[in-house]
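Reproduced below: upload.pdb, with PDB, C-alpha atoms.
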```
ATOM      1  CA  MET G  15      37.190 179.416 -17.079
ATOM      2  CA  ALA G  16      37.023 183.155 -17.768
ATOM      3  CA  ILE G  17      35.757 184.171 -21.198
ATOM      4  CA  GLN G  18      37.725 186.920 -22.827
ATOM      5  CA  ASP G  19      35.871 190.016 -24.002
ATOM      6  CA  PRO G  20      35.581 189.629 -27.822
ATOM      7  CA  SER G  21      36.180 193.345 -28.220
ATOM      8  CA  ARG G  22      39.660 192.911 -26.743
ATOM      9  CA  VAL G  23      40.706 189.870 -28.875
ATOM     10  CA  THR G  24      43.295 190.728 -31.505
ATOM     11  CA  PRO G  25      42.422 189.269 -34.919
ATOM     12  CA  VAL G  26      45.031 187.052 -36.595
ATOM     13  CA  GLY G  27      47.372 189.228 -38.568
ATOM     14  CA  ALA G  28      46.568 192.355 -36.566
ATOM     15  CA  ALA G  29      49.114 193.896 -34.208
ATOM     16  CA  ALA G  30      48.298 193.837 -30.486
ATOM     17  CA  GLU G  31      49.655 197.342 -30.226
ATOM     18  CA  PRO G  32      50.577 199.909 -32.850
ATOM     19  CA  GLY G  33      54.106 199.363 -34.158
ATOM     20  CA  LEU G  34      54.334 195.660 -33.153
ATOM     21  CA  VAL G  35      54.373 192.703 -35.561
ATOM     22  CA  LEU G  36      53.905 189.033 -34.653
ATOM     23  CA  LEU G  37      56.052 186.603 -36.637
ATOM     24  CA  ALA G  38      55.574 182.818 -36.428
ATOM     25  CA  PHE G  39      58.371 180.519 -37.649
ATOM     26  CA  HIS G  40      57.882 176.843 -38.437
ATOM     27  CA  ASP G  41      60.919 174.619 -39.023
ATOM     28  CA  LEU G  42      59.970 172.371 -41.945
ATOM     29  CA  THR G  43      63.420 170.759 -42.222
ATOM     30  CA  PRO G  44      62.362 167.384 -40.744
ATOM     31  CA  LEU G  45      59.391 167.186 -43.112
ATOM     32  CA  ARG G  46      61.565 168.077 -46.082
ATOM     33  CA  ARG G  47      64.101 165.409 -45.085
ATOM     34  CA  VAL G  48      61.375 162.782 -44.839
ATOM     35  CA  GLU G  49      60.071 163.766 -48.274
ATOM     36  CA  GLU G  50      63.572 163.574 -49.743
ATOM     37  CA  MET G  51      64.192 160.175 -48.140
ATOM     38  CA  ARG G  52      60.903 158.872 -49.502
ATOM     39  CA  ALA G  53      61.688 160.172 -52.991
ATOM     40  CA  ASP G  54      65.198 158.659 -52.876
ATOM     41  CA  PHE G  55      63.803 155.342 -51.663
ATOM     42  CA  VAL G  56      61.247 155.154 -54.485
ATOM     43  CA  ALA G  57      63.897 156.109 -57.050
ATOM     44  CA  ASN G  58      66.375 153.526 -55.753
ATOM     45  CA  ALA G  59      63.779 150.762 -55.523
ATOM     46  CA  SER G  60      62.576 151.534 -59.051
ATOM     47  CA  HIS G  61      66.152 151.440 -60.336
ATOM     48  CA  GLU G  62      66.893 148.132 -58.610
ATOM     49  CA  LEU G  63      63.775 146.570 -60.159
ATOM     50  CA  ARG G  64      64.279 148.128 -63.579
ATOM     51  CA  THR G  65      67.682 146.483 -64.127
ATOM     52  CA  PRO G  66      66.546 142.831 -63.859
ATOM     53  CA  LEU G  67      63.305 143.651 -65.691
ATOM     54  CA  ALA G  68      65.312 145.076 -68.604
ATOM     55  CA  ALA G  69      67.478 141.951 -68.654
ATOM     56  CA  LEU G  70      64.434 139.675 -68.665
ATOM     57  CA  SER G  71      62.782 141.656 -71.437
ATOM     58  CA  GLY G  72      65.938 141.555 -73.569
ATOM     59  CA  PHE G  73      66.414 137.817 -73.202
ATOM     60  CA  ILE G  74      62.737 137.143 -73.955
ATOM     61  CA  ASP G  75      63.067 139.110 -77.206
ATOM     62  CA  THR G  76      66.235 137.171 -78.058
ATOM     63  CA  LEU G  77      64.603 133.796 -77.370
ATOM     64  CA  ARG G  78      61.663 134.757 -79.558
ATOM     65  CA  GLY G  79      63.989 135.881 -82.342
ATOM     66  CA  PRO G  80      67.615 134.961 -83.139
ATOM     67  CA  ALA G  81      67.915 132.224 -80.458
ATOM     68  CA  ARG G  82      64.560 130.585 -81.132
ATOM     69  CA  GLU G  83      66.160 127.383 -82.494
ATOM     70  CA  ASP G  84      69.483 127.604 -80.610
ATOM     71  CA  ARG G  85      69.172 125.052 -77.795
ATOM     72  CA  VAL G  86      72.515 125.906 -76.154
ATOM     73  CA  ALA G  87      71.811 129.640 -76.127
ATOM     74  CA  ARG G  88      68.284 129.024 -74.889
ATOM     75  CA  GLU G  89      69.495 127.062 -71.869
ATOM     76  CA  ARG G  90      72.099 129.690 -71.038
ATOM     77  CA  PHE G  91      69.648 132.572 -71.343
ATOM     78  CA  LEU G  92      67.014 130.772 -69.265
ATOM     79  CA  GLY G  93      69.589 130.316 -66.507
ATOM     80  CA  ILE G  94      70.372 134.033 -66.525
ATOM     81  CA  MET G  95      66.668 134.875 -66.524
ATOM     82  CA  GLN G  96      66.155 132.656 -63.489
ATOM     83  CA  VAL G  97      68.934 134.508 -61.647
ATOM     84  CA  GLN G  98      67.334 137.875 -62.468
ATOM     85  CA  ALA G  99      63.882 136.666 -61.421
ATOM     86  CA  ASP G 100      65.315 135.401 -58.113
ATOM     87  CA  ARG G 101      66.971 138.772 -57.592
ATOM     88  CA  MET G 102      63.654 140.589 -58.041
ATOM     89  CA  ALA G 103      61.962 138.164 -55.658
ATOM     90  CA  ARG G 104      64.594 138.823 -52.969
ATOM     91  CA  LEU G 105      64.277 142.561 -53.443
ATOM     92  CA  ILE G 106      60.478 142.484 -53.156
ATOM     93  CA  ASP G 107      60.718 140.238 -50.096
ATOM     94  CA  ASP G 108      63.149 142.660 -48.430
ATOM     95  CA  LEU G 109      60.970 145.657 -49.309
ATOM     96  CA  LEU G 110      57.891 143.994 -47.809
ATOM     97  CA  SER G 111      59.850 142.977 -44.698
ATOM     98  CA  LEU G 112      61.123 146.531 -44.257
ATOM     99  CA  SER G 113      57.590 147.917 -44.584
ATOM    100  CA  ARG G 114      56.234 145.484 -41.983
ATOM    101  CA  ILE G 115      59.040 146.300 -39.549
ATOM    102  CA  GLU G 116      58.513 150.057 -39.940
ATOM    103  CA  LEU G 117      54.761 149.594 -39.450
ATOM    104  CA  ASN G 118      55.389 147.863 -36.111
ATOM    105  CA  ALA G 119      58.377 149.973 -35.082
ATOM    106  CA  HIS G 120      56.510 151.388 -32.073
ATOM    107  CA  LEU G 121      55.540 147.936 -30.760
ATOM    108  CA  ARG G 122      58.292 146.445 -28.612
ATOM    109  CA  PRO G 123      58.374 142.612 -28.566
ATOM    110  CA  ASP G 124      57.291 141.153 -25.226
ATOM    111  CA  LYS G 125      58.185 137.454 -25.578
ATOM    112  CA  GLN G 126      61.336 135.922 -24.143
ATOM    113  CA  VAL G 127      63.649 134.236 -26.666
ATOM    114  CA  ASP G 128      66.948 132.437 -26.180
ATOM    115  CA  LEU G 129      69.820 133.955 -28.192
ATOM    116  CA  VAL G 130      71.946 130.825 -27.756
ATOM    117  CA  ALA G 131      69.307 128.681 -29.486
ATOM    118  CA  ILE G 132      68.850 131.285 -32.231
ATOM    119  CA  LEU G 133      72.578 131.420 -33.006
ATOM    120  CA  ARG G 134      72.830 127.635 -33.137
ATOM    121  CA  GLN G 135      69.900 127.554 -35.578
ATOM    122  CA  VAL G 136      71.497 130.226 -37.779
ATOM    123  CA  ALA G 137      74.886 128.459 -37.772
ATOM    124  CA  ASP G 138      73.243 125.134 -38.683
ATOM    125  CA  GLY G 139      71.129 126.725 -41.423
ATOM    126  CA  LEU G 140      74.144 128.307 -43.113
ATOM    127  CA  GLN G 141      76.284 125.161 -43.168
ATOM    128  CA  THR G 142      75.772 124.640 -46.891
ATOM    129  CA  LEU G 143      76.796 128.196 -47.793
ATOM    130  CA  ALA G 144      79.821 127.980 -45.487
ATOM    131  CA  ARG G 145      80.846 124.660 -47.044
ATOM    132  CA  ASP G 146      80.457 126.045 -50.570
ATOM    133  CA  ARG G 147      82.687 129.004 -49.662
ATOM    134  CA  ASP G 148      85.147 126.785 -47.744
ATOM    135  CA  VAL G 149      84.710 128.938 -44.640
ATOM    136  CA  ALA G 150      84.718 127.720 -41.043
ATOM    137  CA  VAL G 151      82.037 129.193 -38.764
ATOM    138  CA  VAL G 152      83.132 129.153 -35.119
ATOM    139  CA  THR G 153      80.518 130.060 -32.509
ATOM    140  CA  SER G 154      81.248 130.832 -28.863
ATOM    141  CA  ALA G 155      78.264 131.178 -26.517
ATOM    142  CA  PRO G 156      77.259 130.546 -22.880
ATOM    143  CA  SER G 157      76.351 126.942 -22.129
ATOM    144  CA  GLY G 158      72.984 127.978 -20.676
ATOM    145  CA  PRO G 159      70.177 130.065 -22.210
ATOM    146  CA  LEU G 160      70.555 133.823 -22.567
ATOM    147  CA  LEU G 161      67.160 135.519 -22.706
ATOM    148  CA  VAL G 162      66.058 138.750 -24.351
ATOM    149  CA  LEU G 163      62.645 140.154 -25.221
ATOM    150  CA  GLY G 164      62.295 139.742 -28.938
ATOM    151  CA  ASP G 165      60.616 138.451 -32.045
ATOM    152  CA  ARG G 166      62.339 135.141 -32.819
ATOM    153  CA  ASP G 167      61.867 135.308 -36.601
ATOM    154  CA  GLU G 168      63.123 138.883 -36.799
ATOM    155  CA  LEU G 169      66.214 138.125 -34.715
ATOM    156  CA  ILE G 170      66.954 135.091 -36.872
ATOM    157  CA  ARG G 171      66.746 137.437 -39.879
ATOM    158  CA  VAL G 172      69.248 139.790 -38.209
ATOM    159  CA  PHE G 173      71.886 137.132 -37.594
ATOM    160  CA  GLU G 174      71.307 135.386 -40.911
ATOM    161  CA  ASN G 175      71.950 138.666 -42.724
ATOM    162  CA  LEU G 176      75.126 139.390 -40.768
ATOM    163  CA  VAL G 177      76.575 135.882 -41.083
ATOM    164  CA  GLU G 178      75.607 135.584 -44.772
ATOM    165  CA  ASN G 179      77.364 138.889 -45.483
ATOM    166  CA  ALA G 180      80.491 137.614 -43.750
ATOM    167  CA  LEU G 181      80.385 134.363 -45.723
ATOM    168  CA  LYS G 182      79.749 136.052 -49.066
ATOM    169  CA  TYR G 183      81.917 139.148 -48.955
ATOM    170  CA  ALA G 184      84.762 137.957 -46.727
ATOM    171  CA  ALA G 185      85.145 134.336 -47.784
ATOM    172  CA  SER G 186      88.827 134.995 -48.507
ATOM    173  CA  GLY G 187      89.401 135.035 -44.740
ATOM    174  CA  LYS G 188      88.245 131.379 -44.526
ATOM    175  CA  ARG G 189      86.784 131.922 -41.046
ATOM    176  CA  VAL G 190      83.816 133.650 -39.409
ATOM    177  CA  ASP G 191      83.624 134.008 -35.626
ATOM    178  CA  ILE G 192      80.272 134.430 -33.864
ATOM    179  CA  THR G 193      80.643 135.401 -30.215
ATOM    180  CA  LEU G 194      77.795 135.806 -27.737
ATOM    181  CA  ALA G 195      78.863 137.531 -24.517
ATOM    182  CA  LEU G 196      77.518 139.650 -21.675
ATOM    183  CA  GLY G 197      78.069 143.380 -21.522
ATOM    184  CA  GLU G 198      76.823 146.556 -19.942
ATOM    185  CA  ALA G 199      74.962 149.300 -21.764
ATOM    186  CA  ALA G 200      75.696 152.994 -21.265
ATOM    187  CA  SER G 201      72.734 153.083 -18.860
ATOM    188  CA  GLY G 202      74.420 150.471 -16.677
ATOM    189  CA  LYS G 203      71.864 147.787 -17.499
ATOM    190  CA  PRO G 204      73.037 144.343 -18.682
ATOM    191  CA  GLU G 205      72.993 143.652 -22.390
ATOM    192  CA  ALA G 206      73.735 140.752 -24.689
ATOM    193  CA  ARG G 207      76.403 141.302 -27.333
ATOM    194  CA  VAL G 208      76.617 139.155 -30.445
ATOM    195  CA  ALA G 209      79.725 139.871 -32.520
ATOM    196  CA  VAL G 210      80.040 138.521 -36.071
ATOM    197  CA  ARG G 211      83.684 138.854 -37.114
ATOM    198  CA  ASP G 212      85.165 137.998 -40.472
ATOM    199  CA  HIS G 213      88.800 137.912 -41.505
ATOM    200  CA  GLY G 214      88.313 139.269 -44.998
ATOM    201  CA  PRO G 215      89.529 142.418 -46.764
ATOM    202  CA  GLY G 216      87.852 144.850 -44.356
ATOM    203  CA  ILE G 217      85.956 148.064 -45.084
ATOM    204  CA  ALA G 218      87.373 151.541 -45.599
ATOM    205  CA  PRO G 219      86.432 153.962 -42.785
ATOM    206  CA  GLU G 220      84.538 156.376 -45.048
ATOM    207  CA  HIS G 221      81.954 153.667 -45.770
ATOM    208  CA  LEU G 222      81.207 152.637 -42.184
ATOM    209  CA  PRO G 223      78.713 155.429 -41.263
ATOM    210  CA  ARG G 224      76.572 154.676 -44.330
ATOM    211  CA  LEU G 225      76.476 150.872 -44.341
ATOM    212  CA  THR G 226      72.965 150.706 -42.836
ATOM    213  CA  GLU G 227      71.470 153.113 -45.383
ATOM    214  CA  ARG G 228      68.990 151.593 -47.798
ATOM    215  CA  PHE G 229      70.607 150.535 -51.071
ATOM    216  CA  TYR G 230      74.051 151.731 -49.998
ATOM    217  CA  ARG G 231      76.792 149.389 -51.178
ATOM    218  CA  VAL G 232      80.558 149.523 -50.834
ATOM    219  CA  ASP G 233      80.926 147.706 -54.157
ATOM    220  CA  VAL G 234      77.778 147.721 -56.292
ATOM    221  CA  SER G 235      78.913 145.113 -58.840
ATOM    222  CA  GLU G 236      80.185 142.722 -56.160
ATOM    223  CA  SER G 237      76.987 143.071 -54.137
ATOM    224  CA  ARG G 238      74.806 142.285 -57.133
ATOM    225  CA  ALA G 239      77.037 139.380 -58.129
ATOM    226  CA  GLN G 240      76.568 137.936 -54.632
ATOM    227  CA  GLY G 241      72.793 138.361 -54.844
ATOM    228  CA  GLY G 242      72.595 141.309 -52.454
ATOM    229  CA  THR G 243      69.633 143.698 -52.531
ATOM    230  CA  GLY G 244      71.249 146.607 -50.675
ATOM    231  CA  LEU G 245      68.639 146.343 -47.916
ATOM    232  CA  GLY G 246      70.147 143.712 -45.615
ATOM    233  CA  LEU G 247      71.840 146.013 -43.107
ATOM    234  CA  ALA G 248      68.936 148.477 -43.247
ATOM    235  CA  LEU G 249      66.668 145.611 -42.164
ATOM    236  CA  VAL G 250      69.102 144.762 -39.366
ATOM    237  CA  LYS G 251      69.090 148.353 -38.113
ATOM    238  CA  HIS G 252      65.290 148.689 -38.124
ATOM    239  CA  ILE G 253      64.750 145.330 -36.413
ATOM    240  CA  LEU G 254      67.224 146.242 -33.679
ATOM    241  CA  ASN G 255      65.608 149.653 -33.213
ATOM    242  CA  ARG G 256      62.273 147.900 -32.630
ATOM    243  CA  HIS G 257      63.963 145.665 -30.036
ATOM    244  CA  GLY G 258      65.587 148.590 -28.237
ATOM    245  CA  GLY G 259      68.991 147.449 -29.465
ATOM    246  CA  ARG G 260      71.670 148.787 -31.764
ATOM    247  CA  LEU G 261      74.391 147.759 -34.216
ATOM    248  CA  THR G 262      78.043 148.811 -34.031
ATOM    249  CA  ILE G 263      80.590 148.219 -36.798
ATOM    250  CA  GLU G 264      84.368 148.084 -36.530
ATOM    251  CA  SER G 265      86.635 147.537 -39.499
ATOM    252  CA  ALA G 266      89.819 148.576 -41.211
ATOM    253  CA  PRO G 267      91.214 147.652 -44.650
ATOM    254  CA  GLY G 268      93.033 144.350 -44.487
ATOM    255  CA  GLN G 269      91.858 143.568 -40.943
ATOM    256  CA  GLY G 270      88.385 142.130 -41.469
ATOM    257  CA  ALA G 271      85.184 143.525 -39.979
ATOM    258  CA  THR G 272      83.176 143.028 -36.799
ATOM    259  CA  PHE G 273      79.418 143.665 -36.666
ATOM    260  CA  THR G 274      78.161 143.681 -33.071
ATOM    261  CA  VAL G 275      74.501 143.456 -32.068
ATOM    262  CA  HIS G 276      73.602 144.944 -28.662
ATOM    263  CA  LEU G 277      70.322 143.811 -27.088
ATOM    264  CA  PRO G 278      68.909 144.512 -23.590
ATOM    265  CA  MET G 279      68.715 141.367 -21.478
ATOM    266  CA  VAL G 280      65.860 139.935 -19.455
ATOM    267  CA  GLY G 281      68.177 138.541 -16.780
ATOM    268  CA  ILE G 282      71.664 137.237 -16.096
ATOM    269  CA  PRO G 283      72.126 133.590 -17.127
ATOM    270  CA  ALA G 284      72.926 131.105 -14.391
ATOM    271  CA  SER G 285      76.138 130.054 -16.124
ATOM    272  CA  GLU G 286      78.459 132.303 -18.067
ATOM    273  CA  ASN G 287      80.725 129.490 -19.229
ATOM    274  CA  SER G 288      81.207 129.444 -22.981
ATOM    275  CA  ALA G 289      80.909 126.462 -25.266
ATOM    276  CA  ILE G 290      82.499 126.515 -28.697
ATOM    277  CA  PHE G 291      81.180 124.583 -31.672
ATOM    278  CA  THR G 292      82.437 124.744 -35.250
ATOM    279  CA  ARG G 293      80.580 124.556 -38.537
ATOM    280  CA  ALA G 294      82.532 124.304 -41.795
TER     281      ALA G 294
END
```
Since I need it in another form, could you write the structure as structure tokens?
Amino acid sequence: MAIQDPSRVTPVGAAAEPGLVLLAFHDLTPLRRVEEMRADFVANASHELRTPLAALSGFIDTLRGPAREDRVARERFLGIMQVQADRMARLIDDLLSLSRIELNAHLRPDKQVDLVAILRQVADGLQTLARDRDVAVVTSAPSGPLLVLGDRDELIRVFENLVENALKYAASGKRVDITLALGEAASGKPEARVAVRDHGPGIAPEHLPRLTERFYRVDVSESRAQGGTGLGLALVKHILNRHGGRLTIESAPGQGATFTVHLPMVGIPASENSAIFTRA
């Protein structure tokens, strides 16, 4: 390697030739956006925790004071406090899950899992909620296994979140359809598609692009009443990104909503026949 003559090296800030100026531009926009997102996340998380903490503090003061000897009020307030404590626990659990997923975002899962078995487990696990809401859960899937590379627990979390949302926010439709089918990605490679469709009130189009943002809610009061943390769909998005998949959402007011998970497949199943089983 040739070594340049030090006498001919132009010092930083000095012009190579008289009348010339070197300008260096650095685009800091991405860094600024990350900083803003981090600040917004901390502010939103703090706000979400502050609300139940304020409620707990207020009820504790009341139980120590005016309601100290009021047994009926004490039981009612303790019930509300339990609800608020459960809400904080869910929020902290979702925050920790999101942090773990982001930490491992660059590590693609390398174990084969069967989506058919996962969907059956999710449908069985949500029977009680479906029964309480008087909603029928109808699942259509191939009779044989359908394999993808994935983390079983994380994929269960994905489908639990999507089906729970359908049961909670669209119970008026009285039915949730879960359909597992084969498809083809834009690259031409085979993919598995799991569509969770409800028949509820639907979602206005202006909300659709922001549904996977952290703490974004279409209806804040309804979400909190249903026990939502505002992180469910953000978790879904990050888990699918780690799996090389994606989430698409289709909806219109009065026509229900369909959340479709797209995941790359390991291989084509031997049988593509569908079997339908109902949970109510």
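Residues in contact with G:Glu174 at 12 Å, where only C-alpha atoms are counted and same-chain residues fewer than 5 positions away are skipped, are listed as Ile132, Leu133, Arg134, Gln135, Val136, Ala137, Asp138, Gly139, Leu140, Gln141, Leu143, Asp167, Glu168, Leu169, Asn179, Ala180, Leu181, Lys182, Ile192, Val210, Gly246, Leu247, Leu249 and Val250 of chain G.
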| Can you list, as a list in words, every protein, DNA or RNA residue that comes within 8 Å of G:His252 when you count only C-alpha atoms, leaving out same-chain residues fewer than 5 positions away? | Leu112, Ile115, Glu116 and Ala119 of chain G
| request: In the coordinates of the file, take the point (70.0, 129.7, -27.9) and a cut-off of 12 Å; then, counting all atoms listed in the file, name each qualifying protein, DNA or RNA residue as a PyMOL selection string. | output: chain G and resi 126-137+153-162+166+169-170+194+208+283+289
| field | Distance query 12 Å from (87.1, 148.7, -43.7) using only C-alpha atoms, result as a list in words | value | Ala184, Asp212, His213, Gly214, Pro215, Gly216, Ile217, Ala218, Pro219, Glu220, His221, Leu222, Pro223, Leu225, Val232, Ile263, Glu264, Ser265, Ala266, Pro267, Gly268, Gln269, Gly270, Ala271, Thr272 and Phe273 of chain G
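Rounded to one decimal, atom CA of G:Arg145 and atom CA of G:Ala206 lie 28.4 Å from each other.
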| How far is it from atom CA of G:Asp100 to atom CA of G:Thr243, in Å with one decimal? | 10.9 Å
Quick one: axis-aligned box around all listed atoms of stretch 141-154 of chain G, 6 Å on every side, centre and edge lengths in Å to one decimal, written as AutoDock Vina command-line options.
```
--center_x 80.5 --center_y 127.7 --center_z -39.7 --size_x 21.4 --size_y 18.2 --size_z 33.7
```
For stretch 146-156 of chain G, write all heavy atoms out as a CSV table (one decimal), in the first residue's frame.
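Writing the result to selection-v7.csv gives the following:
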```csv
chain,number,residue,atom,x,y,z
G,146,ASP,N,-68.9,-17.3,27.1
G,146,ASP,CA,-69.3,-16.1,27.9
G,146,ASP,C,-69.9,-15.1,27.0
G,146,ASP,O,-70.8,-14.4,27.3
G,146,ASP,CB,-68.2,-15.6,28.7
G,146,ASP,CG,-67.8,-16.5,29.8
G,146,ASP,OD1,-68.5,-17.4,30.1
G,146,ASP,OD2,-66.6,-16.3,30.4
G,147,ARG,N,-69.3,-14.9,25.8
G,147,ARG,CA,-69.7,-13.9,24.8
G,147,ARG,C,-70.8,-14.4,23.9
G,147,ARG,O,-71.3,-13.6,23.0
G,147,ARG,CB,-68.5,-13.4,24.0
G,147,ARG,CG,-67.4,-12.8,24.8
G,147,ARG,CD,-67.8,-11.6,25.7
G,147,ARG,NE,-66.8,-11.2,26.6
G,147,ARG,CZ,-66.1,-10.0,26.4
G,147,ARG,NH1,-66.3,-9.3,25.3
G,147,ARG,NH2,-65.2,-9.7,27.3
G,148,ASP,N,-71.2,-15.7,24.0
G,148,ASP,CA,-72.2,-16.3,23.1
G,148,ASP,C,-71.8,-16.2,21.7
G,148,ASP,O,-72.6,-15.8,20.8
G,148,ASP,CB,-73.6,-15.6,23.4
G,148,ASP,CG,-74.7,-16.4,22.7
G,148,ASP,OD1,-74.5,-17.6,22.5
G,148,ASP,OD2,-75.7,-15.8,22.4
G,149,VAL,N,-70.5,-16.5,21.4
G,149,VAL,CA,-70.0,-16.4,20.0
G,149,VAL,C,-69.5,-17.8,19.6
G,149,VAL,O,-68.8,-18.5,20.4
G,149,VAL,CB,-68.8,-15.4,20.0
G,149,VAL,CG1,-68.2,-15.4,18.6
G,149,VAL,CG2,-69.2,-14.0,20.4
G,150,ALA,N,-69.8,-18.1,18.4
G,150,ALA,CA,-69.4,-19.4,17.8
G,150,ALA,C,-68.0,-19.2,17.1
G,150,ALA,O,-67.9,-18.2,16.4
G,150,ALA,CB,-70.4,-19.9,16.8
G,151,VAL,N,-67.1,-20.1,17.4
G,151,VAL,CA,-65.8,-20.0,16.7
G,151,VAL,C,-65.7,-21.2,15.7
G,151,VAL,O,-65.7,-22.3,16.1
G,151,VAL,CB,-64.6,-20.1,17.7
G,151,VAL,CG1,-63.3,-20.0,17.0
G,151,VAL,CG2,-64.7,-18.9,18.7
G,152,VAL,N,-65.6,-20.9,14.4
G,152,VAL,CA,-65.6,-21.9,13.4
G,152,VAL,C,-64.2,-21.9,12.7
G,152,VAL,O,-63.8,-20.9,12.2
G,152,VAL,CB,-66.7,-21.6,12.4
G,152,VAL,CG1,-66.7,-22.7,11.3
G,152,VAL,CG2,-68.1,-21.6,13.0
G,153,THR,N,-63.5,-23.0,12.8
G,153,THR,CA,-62.2,-23.1,12.3
G,153,THR,C,-62.1,-24.1,11.1
G,153,THR,O,-62.6,-25.2,11.2
G,153,THR,CB,-61.2,-23.6,13.4
G,153,THR,OG1,-61.3,-22.7,14.5
G,153,THR,CG2,-59.8,-23.6,12.8
G,154,SER,N,-61.6,-23.6,10.0
G,154,SER,CA,-61.4,-24.4,8.8
G,154,SER,C,-59.9,-24.5,8.5
G,154,SER,O,-59.2,-23.5,8.4
G,154,SER,CB,-62.1,-23.8,7.6
G,154,SER,OG,-61.8,-24.5,6.4
G,155,ALA,N,-59.4,-25.8,8.5
G,155,ALA,CA,-58.0,-26.0,8.3
G,155,ALA,C,-57.7,-27.3,7.5
G,155,ALA,O,-58.6,-28.2,7.5
G,155,ALA,CB,-57.3,-26.0,9.6
G,156,PRO,N,-56.6,-27.5,6.9
G,156,PRO,CA,-56.2,-28.7,6.2
G,156,PRO,C,-56.3,-29.9,7.2
G,156,PRO,O,-56.0,-29.7,8.4
G,156,PRO,CB,-54.8,-28.5,5.7
G,156,PRO,CG,-54.7,-27.0,5.6
G,156,PRO,CD,-55.5,-26.5,6.7
```
